Structure formats: C-alpha cells, structure tokens
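*Asks:* Okay, here's the structure, questions in a sec.
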Amino acid sequence: MTSLGEQQALALREWQWLFVPVVVWVVLTVLAALAGPFETYDSLTFLPRLAYWALVVGVSVGIDAGFRWVLRHWPIVWRVAARLGYAAVLGAVIHGINSAVFPAWTGWGRLFWLVMIVWVVAMAVEGMVALMKHVTLANHADIPAEAETPAPDAVFQQRLPHDKRGTLIRLEAQDHYLNVVTTAGEALILMRMSDAEMELAGFAGLRVHRSHWIAAAQVQDVNRAGGRLTLLMADGCTIPVSRSFRSGVDAAGLLA
C-alpha cells in the first residue's frame with residue numbers, strides 16, 4: 001500500500017506530465033502568432049494566424065510527446081536516428097494542414113522542405129536535451145551522496161523471512177526461540193530475548209515481561225483489572241506487564 005506522501009508525489013508527476021506540454025503549446029503558439037514566421041504574418045490576420053499556429057504547435061507537441069514516450073528507453077544514438085521518422089510524420093501532417101489553409105501550397109518540393117526543417121529542429125532539440133543531461137549528471141557526480149541512516153531495527157529485520165519483514169509489533173520468548181510478530185505476520189527465530197533487546201536498543205520498544213517485548217507505538221490500549229496490568233497490541237494480542245517491568249512501562253509514557 002502506498003503512503004500518502006508517495007501518492008502525492010505520483011499525482012505531482014502526473015500533473016507535471018500534463019502541465020509542461022500545455023505550457024509549451026501556449027507559449028510557442030502565442031510567440032508564433034505574434035511573429036508570423038514562414039510568411040503567415042502576411043497571409044493571415046491575427047486571429048486566424050493564432051488558430052493556425054495553435055493547431056500546428058499542438059500537433060507538433062503531441063507527436064513529439066508520443067515519440068519521446070516510445071523512444072524513452074532507447075540510446076541517444078538511436079533516438080537521433082529515429083527523429084527522421086518523426087520529421088517525416090510531422091512534416092506530412094503540417095503539409096496537409098498547409099494545403100487546406102493555403103491554396104497555393106502544393107507539390108512534393110514543399111513537403112520535402114518541411115520534413116528537412118522539422119528534422120533539423122528536432123536534431124537541435126535532441127542535442128540540447130543530451131547536453132543538459134550530461135551537464136546535470138556531471139554536476140551531481142561532484143556532490144557526495146548523503147549516507148542514508150539505517151532504521152533502528154534494520155539488522156534485526158534481516159533475521160526474518162522476506163515475506164515477514166514489516167513494522168515490529170512484539171516479541172515473545174518460546175524456549176530458545178523468539179516469536180516475532182510484525183505487520184507482515186509472524187516468524188519463529190532462534191535467538192535469546194536478551195540478545196534481541198541489545199540488537200533493538202535504538203528502537204522505541206521495551207521489555208514488559210520476562211517473556212514479552214513490545215514496540216511502544218503498537219500499543220492500542222492499557223487495561224487495569226484487579227491489580228493486573230495488560231497491554232492490547234496492534235495484532236489483537238493482550239500482553240501482561242509484570243511488576244518488575246512496570247516502572248519501565250510507566251517511564252515510556254504508556255500509562256499516562
């Protein structure tokens with residue numbers, strides 16, 4: 001199950017994938033409509049020119065996004081080579097748009113010219129992207145990575161089967177073994193309770209009985225009945241607190 005932070009990060013990445021192309025489309029459309037390149041300034045008034053460039057830029061950004069997704073795992077050399085196919089597709093689409101908008105726009109020569117223009121621009125973009133990635137990686141290589149602080153129970157978790165590793169709830173001594181209860185289930189390991197306590201010294205847990213150790217954060221309720229103190233744990237098990245360990249339970253703030 002993903003945490004709230006992971007869900008928010010995923011939503012942010014999905015939002016960015018949509019937001020960035022839209023911003024690029026809007027900015028390039030407005031700039032092209034104002035500048036009127038490729039004789040569109042003289043051929044079209046502002047509003048038709050804005051609509052024309054909105055269509056052309058929108059198609060360009062959409063096809064580019066599709067090619068980038070398809071080629072996302074390809075080496076840079078193959079991505080550059082594949083850009084010729086991108087140029088042919090986009091050039092043909094723009095040629096069709098121009099043929100519908102401009103009556104004089106006909107002929108294979110104009111189509112070839114469009115494909116070459118698109119290919120040159122696409123190659124320049126790929127080159128800039130590759131250069132930016134190279135500079136970014138080079139800069140990050142000079143920054144030493146911060147060492148991650150291992151979890152307090154990281155060593156102890158290695159003793160458990162992979163499918164039983166989870167948040168610790170409690171330990172129960174059974175002869176020479178420990179029954180380890182986590183949010184992932186239970187596992188029996190060969191270990192003394194005293195050795196487990198030493199290994200979990202940095203973990204927020206405590207011994208409450210000769211045979212029981214509990215994780216403080218997993219205590220759900222405290223029950224007092226007839227002078228007997230018990231703790232209800234997250235797994236639904238009721239753990240007795242012996243008199244000799246009661247002071248430690250009180251010091252941990254579990255009786256407040």
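To be explicit about the labels: the chains of the structure tokens are called A, B, and onward in the order shown, and within each one the residues are counted from 1, while ligands get numbers from 1 in the order they are shown.
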Counting only C-alpha atoms, give me one row per residue of range 88-129 of chain A with an atom at most 9 Å from an atom of range 33-57 of chain A, showing the shortest contact pair and its distance in Å to one decimal, sorted by chain then residue number, as CSV.
*Replies:*
```
residue,atom,partner,partner_atom,distance
A:Val93,CA,A:Val56,CA,8.7
A:Ile94,CA,A:Val56,CA,6.6
A:Ile97,CA,A:Val56,CA,7.9
A:Val101,CA,A:Tyr52,CA,8.3
A:Phe102,CA,A:Ser43,CA,8.5
```
*Asks:* Could you pull the residues within 10 Å of Pro161 in chain A, counting only C-alpha atoms, minus those fewer than 4 positions along the same chain, as a list of chain:residue names?
*Replies:*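 In the requested format, the answer is A:Gln157, A:Arg165, A:Glu186, A:Ala187, A:Leu188, A:Ile189.
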*Asks:* If we count only C-alpha atoms and set the cut-off at 7 Å, which residues sit around range 171-176 of chain A, ignoring sequence neighbours fewer than 4 positions away in its own chain? Please answer as a list of chain:residue names.
*Replies:*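 Final neighbour list, sorted by chain and number: A:Val180, A:Val181, A:Leu190, A:Met191, A:Arg192, A:Met193, A:Ser211, A:His212, A:Trp213, A:Ile214.
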*Asks:* Please indicate the distance in Å from CA of Gly185 in chain A to CA of Thr149 in chain A, rounded to one decimal place.
*Replies:*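 Calculated distance between CA of Gly185 in chain A and CA of Thr149 in chain A is 25.4 Å.
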*Asks:* Among the residues of range 81-218 of chain A, find those DSSP assigns to helix (DSSP H, G or I) from the backbone and print them as a ChimeraX atom specification.
*Replies:* /A:81-101,108-141,154-157,162-164,193-199,216-218
*Asks:* Near Gly166 in chain A, counting only C-alpha atoms, which residues have an atom at most 8 Å away, once you skip same-chain residues fewer than 4 positions from it, shown as a list in words?
*Replies:*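 Neighbouring residues, sequence-local ones excluded: Gln157, Thr182, Thr183 and Ala184 of chain A.
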*Asks:* Just all heavy atoms for this one: save the residues we selected as a PDB file, in the first residue's frame.
*Replies:*
```pdb
ATOM      1  N   GLN A 157      15.688  -7.015  11.341  1.00  0.00           N
ATOM      2  CA  GLN A 157      14.778  -7.398  10.264  1.00  0.00           C
ATOM      3  C   GLN A 157      15.411  -8.419   9.324  1.00  0.00           C
ATOM      4  O   GLN A 157      14.709  -9.242   8.721  1.00  0.00           O
ATOM      5  CB  GLN A 157      14.347  -6.163   9.468  1.00  0.00           C
ATOM      6  CG  GLN A 157      13.412  -5.220  10.206  1.00  0.00           C
ATOM      7  CD  GLN A 157      11.967  -5.684  10.200  1.00  0.00           C
ATOM      8  OE1 GLN A 157      11.591  -6.584   9.452  1.00  0.00           O
ATOM      9  NE2 GLN A 157      11.137  -5.068  11.039  1.00  0.00           N
ATOM     10  N   THR A 182       5.138  -9.038  13.348  1.00  0.00           N
ATOM     11  CA  THR A 182       5.227  -7.775  12.618  1.00  0.00           C
ATOM     12  C   THR A 182       3.903  -7.534  11.896  1.00  0.00           C
ATOM     13  O   THR A 182       2.998  -8.372  11.935  1.00  0.00           O
ATOM     14  CB  THR A 182       6.369  -7.798  11.579  1.00  0.00           C
ATOM     15  OG1 THR A 182       5.984  -8.642  10.483  1.00  0.00           O
ATOM     16  CG2 THR A 182       7.657  -8.330  12.190  1.00  0.00           C
ATOM     17  N   THR A 183       3.803  -6.408  11.245  1.00  0.00           N
ATOM     18  CA  THR A 183       2.599  -6.112  10.466  1.00  0.00           C
ATOM     19  C   THR A 183       2.467  -7.034   9.262  1.00  0.00           C
ATOM     20  O   THR A 183       1.419  -7.067   8.617  1.00  0.00           O
ATOM     21  CB  THR A 183       2.617  -4.652   9.986  1.00  0.00           C
ATOM     22  OG1 THR A 183       3.871  -4.383   9.337  1.00  0.00           O
ATOM     23  CG2 THR A 183       2.451  -3.693  11.159  1.00  0.00           C
ATOM     24  N   ALA A 184       3.540  -7.787   8.960  1.00  0.00           N
ATOM     25  CA  ALA A 184       3.510  -8.715   7.827  1.00  0.00           C
ATOM     26  C   ALA A 184       3.222 -10.152   8.263  1.00  0.00           C
ATOM     27  O   ALA A 184       3.095 -11.033   7.414  1.00  0.00           O
ATOM     28  CB  ALA A 184       4.832  -8.668   7.061  1.00  0.00           C
TER      29      ALA A 184
END
```
*Asks:* So how far away is CA of Glu197 in chain A from CA of Asp153 in chain A, in Å?
*Replies:*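 We find that CA of Asp153 in chain A and CA of Glu197 in chain A lie 10.6 Å from each other.
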*Asks:* Quick check, in Å to one decimal: how far apart do CA of Leu28 in chain A and CA of Arg110 in chain A lie?
*Replies:*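 Going from CA of Leu28 in chain A over to CA of Arg110 in chain A, I get 22.8 Å.
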*Asks:* Find the residue from A:Pro103, A:Pro21, A:Gly253, A:Pro150 that sits nearest to Ala65 in chain A; use only C-alpha atoms when measuring.
*Replies:*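 Using only C-alpha atoms, the shortest distance to Ala65 in chain A belongs to A:Pro21.
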*Asks:* Wanna dump the range 148-209 of chain A-range 222-232 of chain A contacts at 12 Å for me, each residue with its shortest atom pair and the distance in Å to one decimal, counting only C-alpha atoms, ordered by chain and number, as CSV?
*Replies:*
```
residue,atom,partner,partner_atom,distance
A:Ile169,CA,A:Leu232,CA,10.9
A:Arg170,CA,A:Leu232,CA,11.0
A:Val208,CA,A:Leu231,CA,9.3
A:His209,CA,A:Thr230,CA,10.3
```
*Asks:* Quick one: write out the picked residues with N, CA and C atoms as a compact mmCIF listing (two decimals), in the first residue's frame?
*Replies:*
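File written: out_36.txt
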```txt
# COMPACT_ATOMS: atom_id res chain seq x y z
N ILE A 169 5.85 -5.35 16.01
CA ILE A 169 4.77 -5.18 16.98
C ILE A 169 5.20 -5.71 18.35
N ARG A 170 5.70 -6.96 18.38
CA ARG A 170 6.10 -7.53 19.66
C ARG A 170 6.97 -8.76 19.45
N VAL A 208 8.39 -5.87 28.80
CA VAL A 208 7.31 -5.66 29.76
C VAL A 208 7.06 -6.90 30.61
N HIS A 209 7.76 -7.97 30.26
CA HIS A 209 7.56 -9.24 30.95
C HIS A 209 8.78 -10.10 30.65
```
*Asks:* May I have all residues of range 68-214 of chain A that DSSP, computed from the backbone, assigns to strand (DSSP E), given as a PyMOL selection string?
*Replies:* chain A and resi 168-174+177-182+185-190+205-209+212-214
*Asks:* Please provide as a list of chain:residue names all residues within 9 Å of His95 in chain A, with the sequence filter that same-chain residues fewer than 4 positions apart are discarded (counting only C-alpha atoms).
*Replies:* A:Leu90, A:Gly91, A:Ser99, A:Ala100, A:Trp105, A:Thr106, A:Arg110, A:Leu111, A:Leu114
*Asks:* Got a sec: who's within 9 Å of Phe67 in chain A, counting only C-alpha atoms, leaving out chain neighbours fewer than 5 positions off, as JSON, numbers by chain?
*Replies:* {"A": [62, 72, 82, 83, 86]}
